[in-house]
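Asker: Below is the file work-v2.tsv, which contains TSV, C-alpha atoms.
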chain	number	residue	atom	x	y	z
A	1	MET	CA	-83.35	-102.81	65.54
A	2	SER	CA	-80.65	-104.35	67.60
A	3	GLU	CA	-78.65	-102.31	70.07
A	4	LYS	CA	-75.48	-102.82	68.06
A	5	ILE	CA	-76.88	-101.41	64.84
A	6	LYS	CA	-78.38	-98.44	66.69
A	7	THR	CA	-74.99	-97.68	68.21
A	8	LEU	CA	-73.31	-97.96	64.84
A	9	LEU	CA	-75.83	-95.70	63.11
A	10	PHE	CA	-75.60	-93.13	65.91
A	11	THR	CA	-71.82	-93.03	65.67
A	12	VAL	CA	-71.88	-92.65	61.89
A	13	ALA	CA	-74.50	-89.89	62.10
A	14	VAL	CA	-72.63	-87.91	64.75
A	15	THR	CA	-69.35	-88.28	62.87
A	16	ALA	CA	-70.96	-87.06	59.65
A	17	LEU	CA	-72.53	-84.08	61.42
A	18	PHE	CA	-69.30	-82.87	63.04
A	19	THR	CA	-67.23	-83.54	59.92
A	20	LEU	CA	-69.69	-81.40	58.01
A	21	LEU	CA	-69.39	-78.58	60.55
A	22	VAL	CA	-65.58	-78.62	60.49
A	23	SER	CA	-65.44	-78.84	56.69
A	24	GLY	CA	-67.88	-75.95	56.47
A	25	ILE	CA	-65.72	-73.69	58.63
A	26	ASN	CA	-62.67	-74.75	56.64
A	27	ALA	CA	-64.36	-73.96	53.33
A	28	VAL	CA	-65.37	-70.50	54.58
A	29	LEU	CA	-61.90	-69.57	55.84
A	30	LYS	CA	-59.74	-71.45	53.33
A	31	ASP	CA	-58.97	-68.43	51.16
A	32	ARG	CA	-57.93	-66.34	54.12
A	33	ILE	CA	-55.62	-69.06	55.43
A	34	GLU	CA	-54.10	-69.42	51.95
A	35	LEU	CA	-53.55	-65.66	51.80
A	36	ASN	CA	-51.81	-65.71	55.19
A	37	ARG	CA	-49.50	-68.48	53.99
A	38	SER	CA	-48.60	-66.67	50.79
A	39	VAL	CA	-47.97	-63.43	52.71
A	40	ALA	CA	-45.63	-65.33	55.03
A	41	ARG	CA	-43.75	-66.74	52.00
A	42	GLN	CA	-43.56	-63.38	50.28
A	43	ARG	CA	-42.29	-61.82	53.51
A	44	VAL	CA	-39.42	-64.32	53.61
A	45	ILE	CA	-38.50	-63.67	49.96
A	46	LEU	CA	-38.65	-59.89	50.40
A	47	GLY	CA	-36.53	-60.24	53.54
A	48	LEU	CA	-33.87	-62.15	51.59
A	49	PHE	CA	-33.82	-59.36	48.98
A	50	GLY	CA	-33.26	-56.94	51.86
A	51	LEU	CA	-36.57	-55.17	51.21
A	52	ILE	CA	-38.01	-55.89	54.64
A	53	ALA	CA	-35.87	-55.39	57.70
A	54	ALA	CA	-36.55	-55.23	61.42
A	55	ASP	CA	-36.19	-51.44	61.37
A	56	ARG	CA	-38.58	-51.09	58.40
A	57	PRO	CA	-41.66	-53.12	59.30
A	58	VAL	CA	-44.26	-53.72	56.59
A	59	ALA	CA	-47.90	-54.44	57.36
A	60	ASP	CA	-49.35	-57.76	56.17
A	61	SER	CA	-51.73	-56.00	53.80
A	62	GLU	CA	-48.86	-54.23	52.02
A	63	VAL	CA	-46.71	-57.33	51.52
A	64	PRO	CA	-48.43	-58.63	48.33
A	65	VAL	CA	-48.27	-55.12	46.79
A	66	LEU	CA	-44.60	-54.70	47.61
A	67	PHE	CA	-43.92	-58.22	46.37
A	68	ALA	CA	-45.59	-57.60	43.01
A	69	GLU	CA	-43.89	-54.22	42.62
A	70	GLN	CA	-40.39	-55.24	43.56
A	71	THR	CA	-39.94	-58.83	42.45
A	72	GLU	CA	-40.63	-60.93	39.39
A	73	PRO	CA	-40.56	-64.68	38.91
A	74	VAL	CA	-37.73	-66.16	36.87
A	75	LYS	CA	-38.44	-69.17	34.67
A	76	PHE	CA	-35.82	-71.56	33.45
A	77	ALA	CA	-36.40	-73.38	30.20
A	78	SER	CA	-35.13	-76.73	31.45
A	79	ASP	CA	-37.22	-76.73	34.66
A	80	ALA	CA	-40.37	-74.63	34.53
A	81	ALA	CA	-41.42	-75.71	38.02
A	82	PHE	CA	-38.30	-74.32	39.71
A	83	GLU	CA	-39.38	-71.46	42.00
A	84	CYS	CA	-37.05	-68.50	41.56
A	85	TYR	CA	-37.35	-64.70	41.84
A	86	ARG	CA	-35.32	-61.60	41.11
A	87	ARG	CA	-35.70	-57.89	41.68
A	88	ARG	CA	-37.80	-56.05	39.13
A	89	ASN	CA	-35.96	-53.32	37.16
A	90	SER	CA	-32.68	-53.94	38.82
A	91	GLY	CA	-29.31	-54.38	37.21
A	92	ASP	CA	-28.03	-56.73	39.89
A	93	GLU	CA	-27.90	-60.48	39.55
A	94	MET	CA	-29.61	-61.34	42.85
A	95	PHE	CA	-31.79	-64.41	42.79
A	96	VAL	CA	-33.92	-65.98	45.51
A	97	PHE	CA	-34.91	-69.57	44.94
A	98	ALA	CA	-36.74	-72.27	46.87
A	99	PHE	CA	-35.06	-75.42	48.10
A	100	SER	CA	-36.18	-78.53	49.92
A	101	GLY	CA	-34.76	-81.83	51.02
A	102	GLN	CA	-34.86	-84.51	53.65
A	103	GLY	CA	-33.71	-83.26	57.07
A	104	PHE	CA	-32.96	-85.40	60.09
A	105	TRP	CA	-36.65	-85.89	60.93
A	106	ASP	CA	-38.82	-84.10	58.43
A	107	ASN	CA	-38.35	-82.25	55.17
A	108	ILE	CA	-36.44	-78.98	55.40
A	109	ILE	CA	-37.89	-76.28	53.16
A	110	GLY	CA	-36.64	-72.75	52.62
A	111	PHE	CA	-35.20	-70.08	50.35
A	112	ILE	CA	-31.65	-69.11	49.43
A	113	ALA	CA	-30.57	-65.71	48.11
A	114	VAL	CA	-27.56	-65.73	45.78
A	115	ASP	CA	-25.64	-63.22	43.73
A	116	ALA	CA	-25.16	-64.91	40.36
A	117	LYS	CA	-22.45	-62.43	39.32
A	118	SER	CA	-20.07	-62.93	42.24
A	119	LEU	CA	-21.45	-66.45	42.91
A	120	GLN	CA	-21.99	-65.79	46.59
A	121	ILE	CA	-24.74	-66.83	49.01
A	122	LYS	CA	-26.46	-63.67	50.24
A	123	GLY	CA	-28.78	-65.24	52.75
A	124	ILE	CA	-30.76	-68.33	53.69
A	125	GLU	CA	-34.09	-68.90	55.41
A	126	PHE	CA	-35.58	-72.17	56.61
A	127	THR	CA	-39.34	-71.77	56.38
A	128	ARG	CA	-40.27	-75.27	57.52
A	129	HIS	CA	-38.41	-77.97	59.34
A	130	GLY	CA	-39.05	-80.56	62.01
A	131	GLU	CA	-35.59	-80.71	63.57
A	132	THR	CA	-35.15	-81.35	67.30
A	133	PRO	CA	-35.88	-78.11	69.21
A	134	GLY	CA	-32.74	-76.71	70.80
A	135	LEU	CA	-30.41	-78.90	68.73
A	136	GLY	CA	-31.11	-79.22	65.00
A	137	GLY	CA	-33.86	-76.65	65.44
A	138	ARG	CA	-31.14	-74.03	65.86
A	139	ILE	CA	-30.88	-73.86	62.04
A	140	SER	CA	-33.63	-71.23	62.13
A	141	GLU	CA	-31.63	-68.98	64.50
A	142	PRO	CA	-30.18	-65.82	62.91
A	143	GLU	CA	-26.72	-66.72	64.18
A	144	PHE	CA	-26.71	-70.01	62.26
A	145	LYS	CA	-28.18	-68.52	59.09
A	146	ALA	CA	-25.47	-65.81	59.16
A	147	ARG	CA	-22.82	-68.54	58.82
A	148	PHE	CA	-23.82	-68.94	55.15
A	149	LYS	CA	-23.55	-65.24	54.27
A	150	GLU	CA	-21.01	-64.22	51.61
A	151	ARG	CA	-19.97	-67.84	51.04
A	152	SER	CA	-18.73	-68.41	47.52
A	153	PHE	CA	-20.00	-71.22	45.32
A	154	ALA	CA	-17.73	-70.41	42.38
A	155	THR	CA	-15.55	-73.50	42.68
A	156	LYS	CA	-16.08	-76.96	44.09
A	157	ARG	CA	-13.82	-78.67	46.58
A	158	SER	CA	-11.98	-81.83	45.65
A	159	ASP	CA	-14.86	-83.85	47.20
A	160	GLY	CA	-17.35	-82.28	44.77
A	161	LEU	CA	-19.03	-79.98	47.32
A	162	TYR	CA	-18.99	-76.19	47.50
A	163	PHE	CA	-18.55	-76.29	51.24
A	164	ARG	CA	-18.53	-78.73	54.11
A	165	MET	CA	-20.14	-78.51	57.50
A	166	VAL	CA	-17.47	-79.09	60.12
A	167	ALA	CA	-17.46	-79.41	63.92
A	168	GLU	CA	-18.80	-76.25	65.53
A	169	GLY	CA	-16.03	-73.68	66.03
A	170	SER	CA	-13.50	-75.43	63.80
A	171	ALA	CA	-14.32	-73.79	60.45
A	172	ASN	CA	-11.30	-71.80	59.31
A	173	ARG	CA	-11.45	-71.93	55.52
A	174	GLY	CA	-13.80	-70.32	53.03
A	175	ASP	CA	-15.26	-73.69	52.11
A	176	GLU	CA	-15.97	-74.77	55.67
A	177	ILE	CA	-19.03	-73.78	57.69
A	178	ASP	CA	-19.57	-74.46	61.38
A	179	GLY	CA	-22.14	-77.20	61.93
A	180	ILE	CA	-24.21	-77.59	65.09
A	181	THR	CA	-22.86	-79.55	68.04
A	182	GLY	CA	-25.29	-82.30	69.02
A	183	ALA	CA	-27.05	-82.15	65.67
A	184	THR	CA	-24.69	-83.93	63.30
A	185	GLY	CA	-27.63	-85.43	61.42
A	186	THR	CA	-29.18	-82.02	60.80
A	187	SER	CA	-25.80	-80.48	59.89
A	188	SER	CA	-25.02	-83.08	57.26
A	189	ALA	CA	-28.60	-82.90	55.92
A	190	VAL	CA	-28.28	-79.12	55.53
A	191	GLU	CA	-24.85	-79.58	53.92
A	192	LYS	CA	-26.33	-82.00	51.42
A	193	ILE	CA	-29.44	-79.96	50.64
A	194	VAL	CA	-27.69	-76.59	50.26
A	195	ASN	CA	-24.81	-77.97	48.15
A	196	ARG	CA	-27.23	-79.80	45.89
A	197	SER	CA	-29.56	-76.79	45.54
A	198	LEU	CA	-26.69	-74.44	44.69
A	199	ALA	CA	-25.31	-76.86	42.11
A	200	TYR	CA	-28.75	-77.23	40.57
A	201	PHE	CA	-29.29	-73.48	40.45
A	202	ALA	CA	-25.85	-72.97	38.87
A	203	SER	CA	-26.58	-75.56	36.19
A	204	LEU	CA	-29.98	-74.00	35.43
A	205	ASN	CA	-28.60	-70.47	35.34
A	206	GLN	CA	-25.87	-71.50	32.91
A	207	GLY	CA	-28.54	-72.60	30.49
A	208	GLY	CA	-29.92	-69.07	30.54
A	209	ASN	CA	-33.18	-67.74	31.93
A	210	SER	CA	-36.11	-65.73	30.76
A	211	ASN	CA	-39.19	-64.24	32.28
B	1	MET	CA	-64.32	-85.56	95.75
B	2	ASN	CA	-67.96	-85.41	94.70
B	3	ASN	CA	-70.57	-85.13	97.41
B	4	GLY	CA	-73.82	-84.92	95.52
B	5	PRO	CA	-74.46	-82.97	92.36
B	6	VAL	CA	-73.07	-79.44	92.24
B	7	LYS	CA	-75.25	-77.03	90.28
B	8	GLY	CA	-75.05	-73.58	88.73
B	9	PHE	CA	-72.35	-71.15	89.71
B	10	ALA	CA	-71.17	-73.43	92.50
B	11	ALA	CA	-70.03	-75.76	89.70
B	12	LEU	CA	-68.01	-72.93	88.20
B	13	LYS	CA	-66.64	-71.63	91.50
B	14	ARG	CA	-65.31	-74.88	92.89
B	15	MET	CA	-63.13	-75.33	89.77
B	16	LEU	CA	-61.28	-72.10	90.48
B	17	TRP	CA	-59.91	-73.13	93.84
B	18	GLU	CA	-61.18	-76.22	95.67
B	19	GLU	CA	-61.07	-78.58	92.70
B	20	ASN	CA	-58.79	-76.62	90.41
B	21	PRO	CA	-57.93	-79.08	87.62
B	22	VAL	CA	-54.22	-78.30	87.56
B	23	ILE	CA	-53.53	-77.86	91.27
B	24	GLY	CA	-56.01	-80.35	92.68
B	25	GLN	CA	-56.11	-82.99	89.99
B	26	ILE	CA	-52.71	-82.38	88.28
B	27	LEU	CA	-54.33	-82.45	84.84
B	28	GLY	CA	-53.30	-80.53	81.74
B	29	ILE	CA	-49.66	-80.44	82.79
B	30	CYS	CA	-47.99	-80.85	79.39
B	31	SER	CA	-49.49	-77.74	77.87
B	32	ALA	CA	-48.92	-75.89	81.17
B	33	LEU	CA	-45.21	-76.60	80.78
B	34	ALA	CA	-44.99	-75.94	77.07
B	35	VAL	CA	-46.76	-72.67	76.37
B	36	THR	CA	-46.09	-70.65	79.52
B	37	ASN	CA	-42.92	-68.89	78.34
B	38	LEU	CA	-44.88	-66.12	76.62
B	39	VAL	CA	-47.88	-64.38	78.18
B	40	LYS	CA	-49.58	-63.78	74.82
B	41	ASN	CA	-49.40	-67.44	73.73
B	42	THR	CA	-50.57	-68.54	77.16
B	43	LEU	CA	-53.57	-66.24	76.96
B	44	VAL	CA	-54.57	-67.58	73.53
B	45	MET	CA	-54.11	-71.15	74.76
B	46	CYS	CA	-56.26	-70.46	77.84
B	47	LEU	CA	-59.02	-68.85	75.78
B	48	GLY	CA	-58.89	-71.81	73.41
B	49	LEU	CA	-59.25	-74.24	76.28
B	50	ILE	CA	-62.10	-72.29	77.91
B	51	PHE	CA	-63.96	-72.26	74.58
B	52	THR	CA	-63.35	-75.96	73.96
B	53	LEU	CA	-64.42	-76.88	77.49
B	54	ALA	CA	-67.57	-74.78	77.45
B	55	MET	CA	-68.69	-75.96	74.02
B	56	SER	CA	-67.75	-79.62	74.48
B	57	CYS	CA	-69.43	-79.82	77.89
B	58	PHE	CA	-72.54	-78.13	76.49
B	59	THR	CA	-72.74	-80.43	73.46
B	60	VAL	CA	-72.05	-83.60	75.40
B	61	SER	CA	-74.62	-82.61	77.99
B	62	LEU	CA	-77.25	-81.94	75.29
B	63	MET	CA	-76.64	-85.38	73.83
B	64	ARG	CA	-76.12	-87.18	77.12
B	65	ASN	CA	-79.42	-89.06	77.01
B	66	VAL	CA	-79.01	-90.37	73.47
B	67	ILE	CA	-75.31	-91.32	73.46
B	68	PRO	CA	-75.03	-95.13	73.70
B	69	ARG	CA	-72.91	-95.91	76.77
B	70	ARG	CA	-70.65	-98.23	74.81
B	71	VAL	CA	-69.37	-95.51	72.48
B	72	ARG	CA	-69.64	-92.49	74.80
B	73	MET	CA	-65.87	-91.94	74.99
B	74	ILE	CA	-65.46	-92.01	71.21
B	75	ILE	CA	-68.32	-89.55	70.78
B	76	GLN	CA	-66.80	-87.24	73.41
B	77	VAL	CA	-63.41	-87.25	71.70
B	78	LEU	CA	-65.12	-86.59	68.37
B	79	ILE	CA	-66.98	-83.58	69.75
B	80	ILE	CA	-63.85	-82.21	71.46
B	81	ALA	CA	-61.78	-82.72	68.31
B	82	ALA	CA	-64.32	-80.89	66.18
B	83	TYR	CA	-64.18	-77.80	68.41
B	84	VAL	CA	-60.38	-77.88	68.61
B	85	ILE	CA	-60.04	-78.09	64.83
B	86	PHE	CA	-62.48	-75.18	64.65
B	87	ILE	CA	-60.15	-73.14	66.91
B	88	LYS	CA	-57.11	-74.15	64.88
B	89	ILE	CA	-58.76	-73.03	61.62
B	90	VAL	CA	-59.88	-69.72	63.14
B	91	LEU	CA	-56.38	-69.07	64.53
B	92	ASP	CA	-54.78	-69.92	61.16
B	93	ALA	CA	-57.13	-67.47	59.49
B	94	PHE	CA	-56.98	-64.55	61.90
B	95	LEU	CA	-53.88	-64.94	64.09
B	96	PRO	CA	-51.42	-66.87	61.86
B	97	GLU	CA	-48.32	-65.86	63.81
B	98	ILE	CA	-49.66	-67.01	67.17
B	99	SER	CA	-50.94	-70.17	65.51
B	100	ASN	CA	-47.43	-70.82	64.23
B	101	GLU	CA	-45.83	-70.22	67.61
B	102	LEU	CA	-48.30	-72.45	69.41
B	103	GLY	CA	-47.54	-75.12	66.83
B	104	PRO	CA	-48.95	-78.48	67.81
B	105	TYR	CA	-50.25	-77.36	71.21
B	106	VAL	CA	-53.61	-76.09	69.97
B	107	GLY	CA	-54.26	-79.47	68.37
B	108	LEU	CA	-53.18	-81.13	71.58
B	109	ILE	CA	-56.07	-79.52	73.47
B	110	ILE	CA	-57.93	-82.60	72.18
B	111	THR	CA	-55.85	-84.77	74.46
B	112	ASN	CA	-55.87	-82.32	77.36
B	113	CYS	CA	-57.17	-84.50	80.17
B	114	ILE	CA	-59.15	-81.64	81.67
B	115	VAL	CA	-61.59	-81.56	78.74
B	116	MET	CA	-62.38	-85.24	78.70
B	117	GLY	CA	-62.36	-85.29	82.49
B	118	ARG	CA	-65.13	-82.69	82.58
B	119	THR	CA	-67.24	-84.14	79.76
B	120	GLU	CA	-67.07	-87.66	81.17
B	121	GLY	CA	-67.11	-86.69	84.84
B	122	TYR	CA	-69.73	-83.94	84.79
B	123	ALA	CA	-71.42	-83.19	81.46
B	124	MET	CA	-72.57	-86.81	80.95
B	125	ALA	CA	-74.68	-86.56	84.10
B	126	ASN	CA	-75.78	-82.92	84.30
B	127	LYS	CA	-77.92	-80.34	82.52
B	128	PRO	CA	-76.43	-78.24	79.66
B	129	VAL	CA	-76.35	-74.91	81.54
B	130	ASP	CA	-74.63	-76.42	84.58
B	131	SER	CA	-72.20	-78.19	82.26
B	132	ILE	CA	-71.24	-74.97	80.47
B	133	LEU	CA	-70.56	-73.30	83.82
B	134	ASP	CA	-68.56	-76.30	84.98
B	135	GLY	CA	-66.54	-76.23	81.75
B	136	ILE	CA	-65.89	-72.49	81.91
B	137	GLY	CA	-64.89	-72.89	85.56
B	138	ALA	CA	-62.39	-75.61	84.74
B	139	GLY	CA	-60.99	-73.46	81.92
B	140	ILE	CA	-60.62	-70.42	84.15
B	141	GLY	CA	-59.09	-72.62	86.85
B	142	TYR	CA	-56.51	-73.77	84.31
B	143	SER	CA	-55.87	-70.16	83.26
B	144	LEU	CA	-55.43	-69.10	86.90
B	145	VAL	CA	-52.45	-71.43	87.08
B	146	LEU	CA	-50.95	-70.85	83.62
B	147	LEU	CA	-51.15	-67.05	83.46
B	148	PRO	CA	-49.23	-66.33	86.70
B	149	ILE	CA	-46.54	-68.82	85.64
B	150	ALA	CA	-46.23	-67.12	82.24
B	151	MET	CA	-46.13	-63.74	83.98
B	152	ILE	CA	-43.10	-64.92	85.93
B	153	ARG	CA	-41.35	-66.80	83.13
B	154	GLU	CA	-41.58	-64.22	80.35
B	155	PRO	CA	-40.14	-61.20	82.25
B	156	LEU	CA	-37.36	-63.23	83.87
B	157	GLY	CA	-36.49	-65.14	80.72
B	158	LEU	CA	-36.92	-62.53	78.00
B	159	GLY	CA	-37.22	-59.27	79.94
B	160	SER	CA	-40.57	-58.60	78.30
B	161	PHE	CA	-44.24	-58.76	79.23
B	162	PHE	CA	-46.82	-59.42	76.53
B	163	GLY	CA	-44.02	-58.82	74.02
B	164	ILE	CA	-43.21	-55.35	75.41
B	165	GLN	CA	-39.78	-54.82	76.95
B	166	VAL	CA	-40.36	-54.06	80.64
B	167	ILE	CA	-37.02	-54.87	82.19
B	168	PRO	CA	-34.00	-52.67	81.25
B	169	ALA	CA	-31.70	-54.17	78.61
B	170	ASP	CA	-28.76	-54.46	81.02
B	171	TRP	CA	-30.68	-57.10	83.01
B	172	THR	CA	-29.11	-60.50	82.49
B	173	LYS	CA	-31.83	-62.66	80.99
B	174	TRP	CA	-32.44	-66.01	82.64
B	175	ASN	CA	-32.45	-68.14	79.50
B	176	MET	CA	-33.38	-71.01	81.77
B	177	MET	CA	-36.83	-69.50	82.27
B	178	VAL	CA	-37.70	-69.77	78.57
B	179	ILE	CA	-36.93	-73.44	78.12
B	180	ALA	CA	-39.00	-76.38	79.33
B	181	PRO	CA	-37.18	-77.26	82.61
B	182	SER	CA	-38.11	-73.94	84.21
B	183	GLY	CA	-41.73	-74.82	83.44
B	184	PHE	CA	-41.34	-77.79	85.78
B	185	PHE	CA	-39.76	-75.64	88.49
B	186	ALA	CA	-42.27	-72.83	88.20
B	187	LEU	CA	-45.30	-75.13	88.08
B	188	ALA	CA	-44.09	-77.30	90.95
B	189	THR	CA	-43.29	-74.27	93.11
B	190	TYR	CA	-46.67	-72.74	92.33
B	191	ILE	CA	-48.55	-75.93	93.17
B	192	TRP	CA	-46.49	-76.32	96.35
B	193	ILE	CA	-47.30	-72.80	97.54
B	194	VAL	CA	-51.00	-73.09	96.69
B	195	ARG	CA	-51.32	-76.49	98.35
B	196	ALA	CA	-49.56	-75.24	101.46
B	197	PHE	CA	-52.15	-72.46	101.59
B	198	LYS	CA	-55.02	-74.86	101.04
B	199	SER	CA	-53.99	-77.36	103.70
B	200	GLY	CA	-53.36	-74.44	106.08
B	201	GLY	CA	-56.96	-73.34	105.49
B	202	GLU	CA	-58.27	-76.82	106.13
B	203	LYS	CA	-56.42	-77.02	109.51
B	204	ARG	CA	-55.46	-80.66	109.22
Would you give me this structure, written as structure tokens?

Answerer:
Amino acid sequence: MSEKIKTLLFTVAVTALFTLLVSGINAVLKDRIELNRSVARQRVILGLFGLIAADRPVADSEVPVLFAEQTEPVKFASDAAFECYRRRNSGDEMFVFAFSGQGFWDNIIGFIAVDAKSLQIKGIEFTRHGETPGLGGRISEPEFKARFKERSFATKRSDGLYFRMVAEGSANRGDEIDGITGATGTSSAVEKIVNRSLAYFASLNQGGNSN
Amino acid sequence: MNNGPVKGFAALKRMLWEENPVIGQILGICSALAVTNLVKNTLVMCLGLIFTLAMSCFTVSLMRNVIPRRVRMIIQVLIIAAYVIFIKIVLDAFLPEISNELGPYVGLIITNCIVMGRTEGYAMANKPVDSILDGIGAGIGYSLVLLPIAMIREPLGLGSFFGIQVIPADWTKWNMMVIAPSGFFALATYIWIVRAFKSGGEKR
């Protein structure tokens, strides 16, 4: 056998061996990793419902129980894939739904909490984004997320949006939210995604929902 | 730098001080800058690197006589990558929060020059046991630089140590210490002090 073929066979064999080892470990731990991810998601949703707060910590093992007890999925007839939750046995009209859209670099994914009665945003969480750390990445800071709180999406502006992101520090109307200086791309992406998601939720909710 | 083969614990010991990979060879700098703002993350990163180094050096050394010279680098990277992905999966499964905070840096152990430096520079020519010791030594040498830097950056920047508040709340936090530039300052100062010590000892 020539040297070249030996080298090739050796490389293929070693690659197969190590791929097998890594896949094996992955197969063994896959379920646990999946559980961790779903606990992290459920934690975010419970946090938006106000059921988990910094002063009331909940252990990872209790999150799925609390989630099943306190929340229920909401299904809309016109879009069965839309991920939306509300409190179980509660008279309020709070909904938490998932959103996603193209950010400045990578997709921005998260959840919004809304009150469908007063048509107000109750909270927002960005669970995944790839924005520039220190600039666009500031969207995941509590101070930025608080800018959306109690914003109304009852009526649209003349430009068809519920609200606009404006230069940081210059927002002085109910339909203006401070953007992030140095991250205009991220600010306008968030503006687009959140406006679109709210409009979509409003249109779905008008059509009625069921469990 | 190499005068004859170094065996056994001497291989481990020289990595801690004389040939410390960060101070002496200025390797592994990017992760040293990136993860040293929290002691806990730094510790996990260091343990990850020690494990990767020990296992990669051991494996490469075991296979050193059968690896064709032409593809030795590719094989080394493959072995290193396999162990790093192993660490990443284990962290995702058992320490998801730390895994999240470390983000891409665990994966980047693959490209940490220290690992490939040791497999290529030592493990390819030495016995498995010596190679493990050499790898562990290099990992501890790396940790000996990163941990002190993290121990300075976290208290000054966040007022905490290992996540526990140690400095009273009325202390003005040096936000500078948490972000990347202070990593440069802290690392450079540390290397400067250590090198001054070393050259003093050598009596040039």

Asker: Pull the closest atom pair for each residue of chain B that gets at most 7 Å from chain A, along with the distance in Å to one decimal, counting only C-alpha atoms, ordering rows by chain and then ascending residue number, as a tab-separated table.

Answerer:
residue	atom	partner	partner_atom	distance
B:Pro68	CA	A:Thr7	CA	6.1
B:Ala82	CA	A:Phe18	CA	6.2
B:Phe86	CA	A:Val22	CA	6.2
B:Ile89	CA	A:Asn26	CA	6.6
B:Asp92	CA	A:Ile33	CA	5.9
B:Ala93	CA	A:Ile33	CA	4.6
B:Pro96	CA	A:Asn36	CA	6.8

Asker: Can you tell me how far atom CA of Ile45 of chain A sits from atom CA of Ala98 of chain A, in Å to one decimal?

Answerer: 9.3 Å

Asker: Quick one: contact table of segment 127-201 of chain B to segment 102-117 of chain B, 10 Å max, nearest atom pair and distance in Å to one decimal per residue, counting only C-alpha atoms, chain and number order, as a Markdown table?

Answerer:
| residue | atom | partner | partner_atom | distance |
| --- | --- | --- | --- | --- |
| B:Gly135 | CA | B:Val115 | CA | 7.9 |
| B:Ala138 | CA | B:Ile114 | CA | 7.5 |
| B:Gly139 | CA | B:Ile114 | CA | 8.4 |
| B:Tyr142 | CA | B:Ile114 | CA | 8.7 |

Asker: Just need the box for segment 191-204 of chain A, edges along x, y and z, holding every atom the file lists for it with 8 Å tacked onto each side, so centre and edge lengths in Å to one decimal, as JSON.

Answerer:
{"center_x": -27.4, "center_y": -77.5, "center_z": 44.7, "size_x": 21.2, "size_y": 25.0, "size_z": 34.5}

Asker: So which one's closest to Arg173 of chain A, A:Arg86, A:Arg56, A:Lys75, A:Arg157? Using only C-alpha atoms, please.

Answerer: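 Comparing A:Arg86, A:Arg56, A:Lys75, A:Arg157 against Arg173 of chain A, the winner is A:Arg157.
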
Asker: Give the answer as one residue: which of A:Asp175, A:Ala113, A:Phe104, A:Arg151 has the shortest atom-to-atom distance to Ser187 of chain A, using only C-alpha atoms?

Answerer: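 So, comparing all the options, the nearest one is A:Phe104.
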
Asker: Between B:Ile179, B:Ile193, B:Ile167, B:Ile136, which is the closest to Ala11 of chain B once you count only C-alpha atoms?

Answerer: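 When distances to Ala11 of chain B are compared using only C-alpha atoms, the smallest one comes from B:Ile136.
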
Asker: Calculate how many Å separate atom CA of Arg153 of chain B from atom CA of Val194 of chain B, rounding to one decimal.

Answerer: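 If I compute the distance from atom CA of Arg153 of chain B to atom CA of Val194 of chain B, I get 17.8 Å.
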
Asker: Point out the residue among B:Ile98, B:Met73, B:Tyr83, B:Thr189 with the least atom-to-atom distance to Val145 of chain B, counting all atoms listed in the file.

Answerer: B:Thr189
